[in-house]
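Peer 1: Just one file: work_19.cif, with mmCIF, C-alpha atoms.
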```cif
data_final
#
loop_
_atom_site.label_atom_id
_atom_site.label_comp_id
_atom_site.auth_asym_id
_atom_site.auth_seq_id
_atom_site.Cartn_x
_atom_site.Cartn_y
_atom_site.Cartn_z
CA MET S 3 16.38 -108.77 22.16
CA SER S 4 18.43 -106.04 23.77
CA TRP S 5 22.07 -105.15 23.17
CA LEU S 6 23.13 -107.24 26.17
CA SER S 7 21.65 -110.43 24.86
CA PHE S 8 23.30 -109.65 21.54
CA PHE S 9 26.65 -110.12 23.23
CA ARG S 10 25.50 -113.08 25.25
CA GLY S 11 25.21 -114.97 22.04
CA LYS S 12 22.44 -117.23 21.00
CA GLN S 13 19.64 -117.59 23.47
CA GLU S 14 18.23 -120.92 24.50
CA GLU S 15 16.02 -122.37 21.84
CA VAL S 16 12.41 -122.32 23.00
CA PRO S 17 10.21 -124.88 21.29
CA PRO S 18 7.39 -123.16 19.38
CA THR S 19 4.11 -123.48 21.23
CA ALA S 20 1.70 -122.29 18.55
CA SER S 21 1.38 -125.75 17.03
CA ALA S 22 0.43 -127.19 20.42
CA ALA S 23 -2.24 -124.50 20.72
CA LYS S 24 -3.68 -125.43 17.34
CA GLU S 25 -3.72 -129.15 18.09
CA ARG S 26 -5.37 -128.73 21.48
CA LEU S 27 -7.99 -126.40 20.05
CA GLN S 28 -8.84 -128.72 17.19
CA ILE S 29 -9.44 -131.61 19.54
CA VAL S 30 -11.44 -129.76 22.19
CA LEU S 31 -13.58 -127.97 19.61
CA ALA S 32 -14.33 -131.14 17.68
CA HIS S 33 -15.81 -132.56 20.86
CA GLU S 34 -17.58 -129.38 21.92
CA ARG S 35 -19.23 -129.07 18.53
CA ILE S 36 -20.58 -132.60 18.82
CA SER S 37 -21.89 -132.11 22.35
CA ARG S 38 -23.54 -128.84 21.25
CA LYS S 39 -25.66 -130.88 18.86
CA GLY S 40 -26.47 -133.23 21.73
CA GLU S 41 -24.72 -136.15 20.10
CA ASP S 42 -22.03 -136.82 22.65
CA PHE S 43 -22.78 -140.40 23.61
CA LEU S 44 -19.73 -141.01 25.80
CA PRO S 45 -21.17 -139.82 29.14
CA LYS S 46 -24.36 -141.80 28.46
CA LEU S 47 -22.38 -144.88 27.47
CA GLN S 48 -20.38 -144.65 30.66
CA LYS S 49 -23.53 -144.38 32.78
CA GLU S 50 -25.20 -147.33 31.07
CA ILE S 51 -22.16 -149.61 31.36
CA VAL S 52 -21.87 -148.93 35.07
CA GLU S 53 -25.61 -149.52 35.51
CA LEU S 54 -25.37 -152.81 33.65
CA ILE S 55 -22.56 -154.06 35.84
CA ALA S 56 -24.43 -152.92 38.93
CA LYS S 57 -27.34 -155.10 37.88
CA HIS S 58 -25.18 -158.20 38.21
CA VAL S 59 -22.86 -157.37 41.05
CA ALA S 60 -23.02 -155.05 43.97
CA ILE S 61 -20.48 -152.36 43.20
CA GLU S 62 -19.52 -149.45 45.33
CA ALA S 63 -19.37 -146.11 43.65
CA GLU S 64 -15.90 -145.38 44.95
CA ARG S 65 -14.58 -148.63 43.48
CA VAL S 66 -15.49 -147.54 39.95
CA ASN S 67 -12.72 -145.76 38.13
CA VAL S 68 -13.62 -143.98 34.95
CA SER S 69 -11.15 -142.29 32.70
CA LEU S 70 -11.95 -140.55 29.51
CA GLU S 71 -9.33 -139.35 27.08
CA ARG S 72 -10.68 -137.35 24.18
CA GLY S 73 -8.41 -137.55 21.18
CA GLY S 74 -8.45 -136.26 17.62
CA ASP S 75 -9.00 -139.53 15.77
CA MET S 76 -9.97 -141.70 18.70
CA SER S 77 -11.27 -141.35 22.23
CA THR S 78 -10.73 -143.89 24.97
CA LEU S 79 -13.25 -144.59 27.65
CA ALA S 80 -11.77 -146.86 30.31
CA ILE S 81 -13.99 -148.14 33.09
CA ALA S 82 -12.34 -150.14 35.82
CA VAL S 83 -14.74 -151.73 38.25
CA GLU S 84 -13.46 -153.52 41.29
CA ILE S 85 -15.76 -156.48 41.75
CA PRO S 86 -15.83 -157.83 45.30
CA GLY S 87 -14.80 -161.47 45.75
CA PRO S 88 -17.14 -164.06 47.32
CA GLU S 89 -15.63 -163.70 50.78
CA PRO S 90 -13.76 -160.88 52.46
CA ALA S 91 -10.94 -163.32 53.36
CA ARG S 92 -10.06 -164.03 49.74
CA ARG S 93 -9.99 -160.37 48.77
CA ALA S 94 -7.13 -159.84 51.18
CA SER S 95 -4.85 -162.31 49.37
CA MET P 9 -34.34 -101.70 6.00
CA ALA P 10 -31.30 -101.35 8.22
CA GLN P 11 -28.74 -104.10 8.63
CA VAL P 12 -28.24 -105.14 12.23
CA VAL P 13 -24.62 -106.10 12.91
CA VAL P 14 -23.44 -107.57 16.20
CA VAL P 15 -19.82 -107.25 17.28
CA THR P 16 -19.25 -110.20 19.58
CA SER P 17 -16.58 -112.60 20.84
CA GLY P 18 -17.59 -114.53 23.94
CA LYS P 19 -14.32 -113.72 25.68
CA GLY P 20 -13.71 -110.32 27.24
CA GLY P 21 -10.80 -108.02 26.50
CA VAL P 22 -10.27 -109.08 22.91
CA GLY P 23 -11.27 -105.74 21.40
CA LYS P 24 -15.04 -105.77 20.89
CA THR P 25 -15.61 -102.19 21.94
CA THR P 26 -12.50 -100.92 20.12
CA SER P 27 -13.72 -102.75 17.01
CA SER P 28 -17.31 -101.53 17.41
CA ALA P 29 -16.13 -97.93 17.70
CA ALA P 30 -13.80 -98.29 14.72
CA PHE P 31 -16.37 -100.07 12.59
CA ALA P 32 -19.20 -97.68 13.35
CA THR P 33 -16.97 -94.70 12.59
CA GLY P 34 -15.71 -96.34 9.38
CA LEU P 35 -19.20 -97.13 8.13
CA ALA P 36 -20.31 -93.59 8.89
CA GLN P 37 -17.26 -92.17 7.11
CA ALA P 38 -18.30 -94.22 4.09
CA GLY P 39 -21.53 -92.23 4.11
CA LYS P 40 -23.71 -94.87 5.77
CA LYS P 41 -26.09 -93.67 8.43
CA THR P 42 -24.85 -95.64 11.40
CA VAL P 43 -25.84 -96.04 15.03
CA VAL P 44 -23.79 -98.02 17.53
CA ILE P 45 -25.48 -99.41 20.64
CA ASP P 46 -23.64 -100.38 23.82
CA PHE P 47 -25.27 -103.53 25.26
CA ASP P 48 -22.95 -103.76 28.25
CA VAL P 49 -25.45 -102.56 30.84
CA GLY P 50 -23.72 -101.90 34.15
CA LEU P 51 -20.27 -101.67 32.58
CA ARG P 52 -20.62 -99.15 29.81
CA ASN P 53 -17.43 -98.21 28.00
CA LEU P 54 -18.30 -97.48 24.41
CA ASP P 55 -18.97 -93.85 25.41
CA LEU P 56 -15.36 -93.52 26.61
CA ILE P 57 -13.84 -95.16 23.55
CA MET P 58 -15.98 -92.92 21.33
CA GLY P 59 -15.08 -89.87 23.42
CA VAL P 60 -18.67 -88.90 24.22
CA GLU P 61 -18.69 -89.79 27.92
CA ARG P 62 -19.43 -86.23 28.98
CA ARG P 63 -22.44 -85.95 26.70
CA VAL P 64 -24.40 -88.94 28.03
CA VAL P 65 -27.77 -87.81 29.41
CA PHE P 66 -30.06 -90.77 28.83
CA ASP P 67 -29.24 -94.37 28.00
CA ILE P 68 -30.80 -97.49 26.49
CA VAL P 69 -32.48 -98.49 29.76
CA ASN P 70 -34.12 -95.06 30.09
CA VAL P 71 -35.55 -95.55 26.59
CA ILE P 72 -36.81 -99.07 27.30
CA SER P 73 -38.46 -98.00 30.54
CA GLY P 74 -40.08 -95.01 28.83
CA GLU P 75 -38.19 -92.37 30.84
CA ALA P 76 -36.73 -90.88 27.69
CA LYS P 77 -37.43 -90.80 23.97
CA LEU P 78 -35.01 -92.61 21.71
CA ASN P 79 -33.83 -89.43 19.99
CA GLN P 80 -33.12 -87.85 23.38
CA ALA P 81 -30.78 -90.71 24.24
CA LEU P 82 -28.96 -90.81 20.90
CA ILE P 83 -25.68 -88.87 20.88
CA ARG P 84 -24.69 -87.38 17.55
CA ASP P 85 -20.99 -87.74 16.86
CA LYS P 86 -19.20 -84.43 16.32
CA ARG P 87 -16.55 -85.83 13.98
CA VAL P 88 -18.72 -87.80 11.55
CA ASP P 89 -22.24 -86.45 11.17
CA THR P 90 -23.82 -89.71 9.97
CA LEU P 91 -22.85 -91.43 13.24
CA SER P 92 -24.87 -91.76 16.46
CA ILE P 93 -24.20 -93.55 19.74
CA LEU P 94 -26.75 -95.10 22.09
CA PRO P 95 -25.01 -95.61 25.44
CA ALA P 96 -25.62 -98.38 27.95
CA SER P 97 -26.78 -97.66 31.44
CA GLN P 98 -24.08 -97.46 34.09
CA THR P 99 -26.24 -97.88 37.16
CA ARG P 100 -28.87 -100.44 36.28
CA ASP P 101 -28.42 -104.18 36.17
CA LYS P 102 -28.57 -106.25 33.02
CA ASP P 103 -32.14 -107.41 33.74
CA ALA P 104 -33.29 -103.94 32.78
CA LEU P 105 -32.83 -104.99 29.16
CA THR P 106 -35.79 -106.85 27.69
CA LYS P 107 -36.22 -108.54 24.35
CA GLU P 108 -39.36 -106.52 23.63
CA GLY P 109 -37.66 -103.29 24.61
CA VAL P 110 -34.66 -103.96 22.38
CA ALA P 111 -36.95 -105.04 19.53
CA THR P 112 -38.81 -101.73 19.71
CA ILE P 113 -35.58 -99.73 19.71
CA ILE P 114 -34.14 -101.62 16.75
CA GLU P 115 -37.39 -101.29 14.82
CA GLU P 116 -37.45 -97.56 15.40
CA LEU P 117 -33.77 -97.12 14.51
CA SER P 118 -34.29 -99.15 11.32
CA LYS P 119 -36.34 -96.28 9.90
CA ASP P 120 -33.51 -93.77 10.09
CA PHE P 121 -30.28 -95.75 9.81
CA ASP P 122 -28.49 -98.00 7.31
CA PHE P 123 -26.49 -99.89 9.92
CA ILE P 124 -27.27 -100.69 13.55
CA LEU P 125 -24.13 -101.93 15.29
CA CYS P 126 -24.59 -103.83 18.53
CA ASP P 127 -21.52 -103.84 20.80
CA SER P 128 -21.93 -107.03 22.82
CA PRO P 129 -20.74 -107.52 26.39
CA ALA P 130 -18.47 -110.48 27.11
CA GLY P 131 -19.95 -113.80 28.15
CA ILE P 132 -23.12 -115.51 27.00
CA GLU P 133 -25.56 -114.03 29.46
CA LYS P 134 -28.55 -111.84 28.84
CA GLY P 135 -26.79 -108.74 27.49
CA ALA P 136 -24.75 -110.78 25.04
CA MET P 137 -27.76 -112.85 23.98
CA LEU P 138 -29.83 -109.72 23.32
CA ALA P 139 -26.97 -108.04 21.44
CA LEU P 140 -26.82 -110.91 18.96
CA TYR P 141 -30.51 -111.88 18.88
CA PHE P 142 -31.61 -109.43 16.18
CA ALA P 143 -28.43 -109.64 14.09
CA ASP P 144 -28.36 -110.01 10.34
CA GLN P 145 -24.57 -110.11 10.37
CA ALA P 146 -21.97 -110.84 13.03
CA VAL P 147 -18.39 -109.65 13.37
CA VAL P 148 -16.67 -112.21 15.59
CA VAL P 149 -13.64 -110.62 17.22
CA THR P 150 -10.92 -113.17 18.01
CA ASN P 151 -7.39 -112.99 19.39
CA PRO P 152 -4.90 -115.63 18.20
CA GLU P 153 -5.00 -117.32 21.57
CA VAL P 154 -6.64 -120.59 22.68
CA SER P 155 -9.32 -119.28 25.06
CA SER P 156 -10.43 -116.59 22.65
CA VAL P 157 -10.70 -119.01 19.71
CA ARG P 158 -12.66 -121.49 21.81
CA ASP P 159 -15.09 -118.81 23.02
CA SER P 160 -15.53 -117.52 19.47
CA ASP P 161 -16.46 -121.02 18.39
CA ARG P 162 -18.97 -121.16 21.20
CA ILE P 163 -20.50 -117.82 20.19
CA LEU P 164 -20.78 -119.02 16.59
CA GLY P 165 -22.78 -121.97 17.90
CA VAL P 166 -25.07 -119.57 19.77
CA LEU P 167 -25.53 -117.42 16.66
CA GLN P 168 -26.49 -120.51 14.71
CA SER P 169 -29.06 -121.72 17.25
CA LYS P 170 -30.29 -118.85 19.44
CA SER P 171 -30.50 -115.82 17.15
CA LYS P 172 -33.84 -114.60 15.82
CA ARG P 173 -32.84 -115.73 12.34
CA ALA P 174 -32.11 -119.22 13.65
CA GLU P 175 -35.33 -119.40 15.65
CA GLU P 176 -37.42 -118.27 12.69
CA LYS P 177 -35.49 -120.59 10.35
CA LYS P 178 -34.50 -117.73 8.07
CA ASP P 179 -31.17 -117.41 6.25
CA PRO P 180 -28.43 -117.74 8.87
CA VAL P 181 -26.64 -114.75 10.37
CA LYS P 182 -23.77 -113.79 8.04
CA GLU P 183 -20.55 -114.39 9.97
CA HIS P 184 -17.28 -112.47 9.65
CA LEU P 185 -14.00 -113.18 11.41
CA LEU P 186 -12.00 -110.22 12.69
CA VAL P 187 -8.64 -111.25 14.14
CA THR P 188 -7.28 -108.60 16.49
CA ARG P 189 -4.01 -108.09 18.41
CA TYR P 190 -2.16 -110.07 15.76
CA ASP P 191 1.60 -110.01 16.18
CA PRO P 192 3.32 -111.27 13.00
CA ALA P 193 6.74 -111.35 14.67
CA ARG P 194 5.51 -113.71 17.38
CA VAL P 195 3.73 -115.80 14.76
CA GLU P 196 7.00 -116.09 12.86
CA ARG P 197 8.72 -117.33 16.03
CA GLY P 198 6.03 -119.96 16.49
CA GLU P 199 4.74 -118.37 19.68
CA MET P 200 1.35 -117.32 18.39
CA LEU P 201 -1.37 -119.07 16.41
CA LYS P 202 -1.08 -118.31 12.70
CA LEU P 203 -3.88 -116.52 10.90
CA GLU P 204 -4.40 -119.63 8.76
CA ASP P 205 -4.73 -121.75 11.91
CA VAL P 206 -7.44 -119.53 13.38
CA GLN P 207 -9.29 -119.53 10.05
CA ASP P 208 -8.84 -123.26 9.74
CA ILE P 209 -10.38 -123.86 13.15
CA LEU P 210 -13.26 -121.37 13.04
CA ARG P 211 -14.05 -121.78 9.33
CA ILE P 212 -15.80 -118.49 8.72
CA PRO P 213 -14.83 -115.84 6.14
CA LEU P 214 -12.02 -113.51 7.21
CA LEU P 215 -12.99 -109.84 7.29
CA GLY P 216 -9.74 -108.42 8.56
CA VAL P 217 -6.63 -108.68 10.68
CA ILE P 218 -5.80 -105.89 13.11
CA PRO P 219 -2.14 -105.93 14.16
CA GLU P 220 -1.15 -105.44 17.79
CA SER P 221 -0.48 -101.73 17.89
CA GLU P 222 0.37 -99.08 20.42
CA SER P 223 -1.96 -96.71 18.62
CA VAL P 224 -5.02 -98.57 19.98
CA LEU P 225 -4.20 -97.55 23.56
CA LYS P 226 -3.39 -94.02 22.44
CA ALA P 227 -6.75 -93.84 20.68
CA SER P 228 -8.68 -95.01 23.72
CA ASN P 229 -6.75 -92.61 25.96
CA THR P 230 -8.05 -89.69 23.95
CA GLY P 231 -11.47 -91.07 23.04
CA ASN P 232 -10.87 -91.12 19.31
CA PRO P 233 -11.75 -94.36 17.52
CA VAL P 234 -8.47 -95.77 16.18
CA ILE P 235 -9.81 -95.79 12.62
CA LEU P 236 -9.47 -91.98 12.66
CA ASP P 237 -5.70 -92.44 13.05
CA GLY P 238 -4.84 -92.93 9.41
CA GLU P 239 -1.13 -93.12 10.22
CA SER P 240 -1.41 -96.21 12.41
CA GLN P 241 -1.41 -99.75 11.10
CA ALA P 242 -4.42 -100.64 13.26
CA GLY P 243 -6.36 -97.68 11.87
CA GLN P 244 -5.53 -98.65 8.31
CA ALA P 245 -6.38 -102.29 8.96
CA TYR P 246 -9.81 -101.28 10.33
CA LYS P 247 -10.35 -99.08 7.26
CA ASP P 248 -9.61 -102.09 5.05
CA ALA P 249 -11.95 -104.30 7.06
CA VAL P 250 -14.82 -101.80 6.75
CA ALA P 251 -14.21 -101.51 3.00
CA ARG P 252 -14.35 -105.31 2.69
CA PHE P 253 -17.52 -105.35 4.77
CA LEU P 254 -19.05 -102.98 2.22
CA GLY P 255 -18.06 -105.32 -0.60
CA GLU P 256 -14.68 -103.97 -1.68
CA ASP P 257 -11.87 -106.38 -2.44
CA ARG P 258 -8.72 -105.43 -0.56
CA PRO P 259 -5.62 -107.52 0.17
CA MET P 260 -4.74 -108.26 3.81
CA ARG P 261 -1.95 -106.05 5.15
CA PHE P 262 0.30 -106.14 8.22
CA ILE P 263 0.27 -109.93 8.46
CA GLU P 264 3.96 -110.42 7.73
CA ALA P 265 6.70 -109.61 10.24
CA GLU P 266 8.67 -106.49 9.46
CA LYS P 267 12.31 -107.10 8.77
CA ARG P 268 14.32 -105.50 11.56
CA GLY P 269 17.57 -103.78 10.78
CA PHE P 270 20.88 -104.22 12.54
CA PHE P 271 20.40 -101.23 14.86
CA SER P 272 16.89 -102.07 15.98
CA ARG P 273 18.04 -105.60 16.74
CA LEU P 274 21.02 -104.28 18.65
CA PHE P 275 19.12 -101.80 20.75
CA GLY P 276 15.78 -103.57 21.09
CA GLY P 277 12.60 -101.57 21.25
CA ARG P 278 9.39 -102.25 19.41
CA ALA P 279 7.99 -101.31 16.07
CA ALA P 280 5.37 -98.56 16.17
#
```
Show me, as structure tokens, the structure contained in the file I just sent.
Peer 2:
Amino acid sequence: MSWLSFFRGKQEEVPPTASAAKERLQIVLAHERISRKGEDFLPKLQKEIVELIAKHVAIEAERVNVSLERGGDMSTLAIAVEIPGPEPARRAS
Amino acid sequence: MAQVVVVTSGKGGVGKTTSSAAFATGLAQAGKKTVVIDFDVGLRNLDLIMGVERRVVFDIVNVISGEAKLNQALIRDKRVDTLSILPASQTRDKDALTKEGVATIIEELSKDFDFILCDSPAGIEKGAMLALYFADQAVVVTNPEVSSVRDSDRILGVLQSKSKRAEEKKDPVKEHLLVTRYDPARVERGEMLKLEDVQDILRIPLLGVIPESESVLKASNTGNPVILDGESQAGQAYKDAVARFLGEDRPMRFIEAEKRGFFSRLFGGRAA
């Protein structure tokens, strides 16, 4: 703070960022430590689910949407597969 | 038998070489016969920080390739007579280092020294792997900043799986946390990770906290390890850390923000 800002009065409150740093680190490291031991099953699970669906229906790779959100207590693996309808005409509806 | 100590961090620019120079000098000042080896082949800098850059004749690669004897390459420090420096090569690439070559050097140094300090390059490539491979103890240098903490965690994983001790299933490498560039004022404002947070995340014993200090740059400008600057907070903090490393019990200093008076707040400027 310089003498100018002293006269300008109170500066804008900046939200502390250190706690965000800690939280992000804890989450990313928890996952990295698991994968270092070779126990991260999520990528494998994702691959197997997609393979299983592919066994029953013809799916196109670009119509599979996978999102993975790694969290502290819980991770979410969402796999959205667009399954083609019986005829092209009905898919347009 | 000498203790082999690696100074490592994963991330670059956190203060490995500064810490290696300070630690080696501190151990030598405590009467321990100490040699510090620069493993950063291609980008040597320990010689500059130690102020011996004009005395380098041979380097570690010359010794490994048999072009020079080990004692020809060792540089005796002029300030502390129990201290020697083995510089890295500036011209060769990192492939010039071999595990066998380094093993022979460390074995030979073990006969004459109490401590062999290995100043690791950044990253997790060959130079860094060889610097930590033979370690009995590791000083993990970490800044209170997300990428540094993450890389330190990564390096701890490597120490626990890829070091000689891990491969031979011996007692694990003894790990020490050295937090550098700590700024208590920024911590107080919630802008920087707290010491407790870094400890909480990395979960290894804390060896010391080196405050952010202008004296570190001054020390490197003149080629005097900052530990020789007894006036500076960083120098004193390194002295404490070395004493703790040798088993002394000392309280942590310089981890609380200094109270600033009316005039310093009015006119700005930074604490020395």
Peer 1: Counting only C-alpha atoms, what is within 12 Å of Ala56 (chain S), bar same-chain residues fewer than 2 positions away, as an mmCIF file with C-alpha atoms, in the coordinates of the input?
Peer 2:
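Result file is out.cif:
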```
data_model
loop_
_atom_site.group_PDB
_atom_site.id
_atom_site.type_symbol
_atom_site.label_atom_id
_atom_site.label_comp_id
_atom_site.auth_asym_id
_atom_site.auth_seq_id
_atom_site.Cartn_x
_atom_site.Cartn_y
_atom_site.Cartn_z
ATOM 1 C CA LYS S 49 -23.530 -144.380 32.780
ATOM 2 C CA GLU S 50 -25.200 -147.330 31.070
ATOM 3 C CA ILE S 51 -22.160 -149.610 31.360
ATOM 4 C CA VAL S 52 -21.870 -148.930 35.070
ATOM 5 C CA GLU S 53 -25.610 -149.520 35.510
ATOM 6 C CA LEU S 54 -25.370 -152.810 33.650
ATOM 7 C CA HIS S 58 -25.180 -158.200 38.210
ATOM 8 C CA VAL S 59 -22.860 -157.370 41.050
ATOM 9 C CA ALA S 60 -23.020 -155.050 43.970
ATOM 10 C CA ILE S 61 -20.480 -152.360 43.200
ATOM 11 C CA GLU S 62 -19.520 -149.450 45.330
ATOM 12 C CA ALA S 63 -19.370 -146.110 43.650
ATOM 13 C CA ARG S 65 -14.580 -148.630 43.480
ATOM 14 C CA VAL S 66 -15.490 -147.540 39.950
ATOM 15 C CA VAL S 83 -14.740 -151.730 38.250
ATOM 16 C CA GLU S 84 -13.460 -153.520 41.290
ATOM 17 C CA ILE S 85 -15.760 -156.480 41.750
ATOM 18 C CA PRO S 86 -15.830 -157.830 45.300
#
```
Peer 1: Taking all atoms listed in the file into account, which residues of chain P are within 12 Å of chain S, as an MDAnalysis selection string?
Peer 2: chainID P and resid 152:166 168:169 194:211 268 270:278
Peer 1: Residues of the last selection are to be written out with C-alpha atoms, as a compact mmCIF listing (two decimals), keeping the file's coordinate frame.
Peer 2:
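The new file again_26.txt reads:
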```txt
# COMPACT_ATOMS: atom_id res chain seq x y z
CA PRO P 152 -4.90 -115.63 18.20
CA GLU P 153 -5.00 -117.32 21.57
CA VAL P 154 -6.64 -120.59 22.68
CA SER P 155 -9.32 -119.28 25.06
CA SER P 156 -10.43 -116.59 22.65
CA VAL P 157 -10.70 -119.01 19.71
CA ARG P 158 -12.66 -121.49 21.81
CA ASP P 159 -15.09 -118.81 23.02
CA SER P 160 -15.53 -117.52 19.47
CA ASP P 161 -16.46 -121.02 18.39
CA ARG P 162 -18.97 -121.16 21.20
CA ILE P 163 -20.50 -117.82 20.19
CA LEU P 164 -20.78 -119.02 16.59
CA GLY P 165 -22.78 -121.97 17.90
CA VAL P 166 -25.07 -119.57 19.77
CA GLN P 168 -26.49 -120.51 14.71
CA SER P 169 -29.06 -121.72 17.25
CA ARG P 194 5.51 -113.71 17.38
CA VAL P 195 3.73 -115.80 14.76
CA GLU P 196 7.00 -116.09 12.86
CA ARG P 197 8.72 -117.33 16.03
CA GLY P 198 6.03 -119.96 16.49
CA GLU P 199 4.74 -118.37 19.68
CA MET P 200 1.35 -117.32 18.39
CA LEU P 201 -1.37 -119.07 16.41
CA LYS P 202 -1.08 -118.31 12.70
CA LEU P 203 -3.88 -116.52 10.90
CA GLU P 204 -4.40 -119.63 8.76
CA ASP P 205 -4.73 -121.75 11.91
CA VAL P 206 -7.44 -119.53 13.38
CA GLN P 207 -9.29 -119.53 10.05
CA ASP P 208 -8.84 -123.26 9.74
CA ILE P 209 -10.38 -123.86 13.15
CA LEU P 210 -13.26 -121.37 13.04
CA ARG P 211 -14.05 -121.78 9.33
CA ARG P 268 14.32 -105.50 11.56
CA PHE P 270 20.88 -104.22 12.54
CA PHE P 271 20.40 -101.23 14.86
CA SER P 272 16.89 -102.07 15.98
CA ARG P 273 18.04 -105.60 16.74
CA LEU P 274 21.02 -104.28 18.65
CA PHE P 275 19.12 -101.80 20.75
CA GLY P 276 15.78 -103.57 21.09
CA GLY P 277 12.60 -101.57 21.25
CA ARG P 278 9.39 -102.25 19.41
```
Peer 1: Translate the PyMOL selection byres ((chain P and resi 32-34) around 10) into a concrete residue list for this structure, as a PyMOL selection string.
Peer 2: chain P and resi 27-31+35-45+58+85+87-93+123-127+232-236+243+246-251
Peer 1: Decode the PyMOL selection byres ((chain S and resi 70) around 9) for the given file into explicit residues and return them as a list of chain:residue names.
Peer 2: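 What the PyMOL selection byres ((chain S and resi 70) around 9) grabs from the file is S:Leu44, S:Val68, S:Ser69, S:Glu71, S:Arg72, S:Ser77, S:Thr78, S:Leu79, S:Ala80, S:Ile81.
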Peer 1: Quick check, in Å to one decimal: how far apart do CA of Leu185 (chain P) and CA of Pro129 (chain P) lie?
Peer 2: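 Spanning CA of Leu185 (chain P) to CA of Pro129 (chain P) is a straight-line distance of 17.4 Å.
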Peer 1: Could you tell me how far CA of Lys107 (chain P) lies from CA of Ala136 (chain P), in Å and to one decimal?
Peer 2: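 For CA of Lys107 (chain P) relative to CA of Ala136 (chain P), the distance reads 11.7 Å.
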Peer 1: Which neighbours of Arg189 (chain P) fall inside 7 Å, counting all atoms listed in the file, when residues of the same chain fewer than 3 positions from it are skipped, and could you give them as a ChimeraX atom specification?
Peer 2: /P:151,218-220
Peer 1: Please measure the separation of CA of Lys86 (chain P) and CA of Arg63 (chain P), giving the value in Å to one decimal.
Peer 2: 11.0 Å
Peer 1: As a check of understanding, name the residues that the PyMOL selection byres ((chain P and resi 76-80) around 10) selects in the supplied structure, as a PyMOL selection string.
Peer 2: chain P and resi 64-75+81-84+92+94+113+116-117
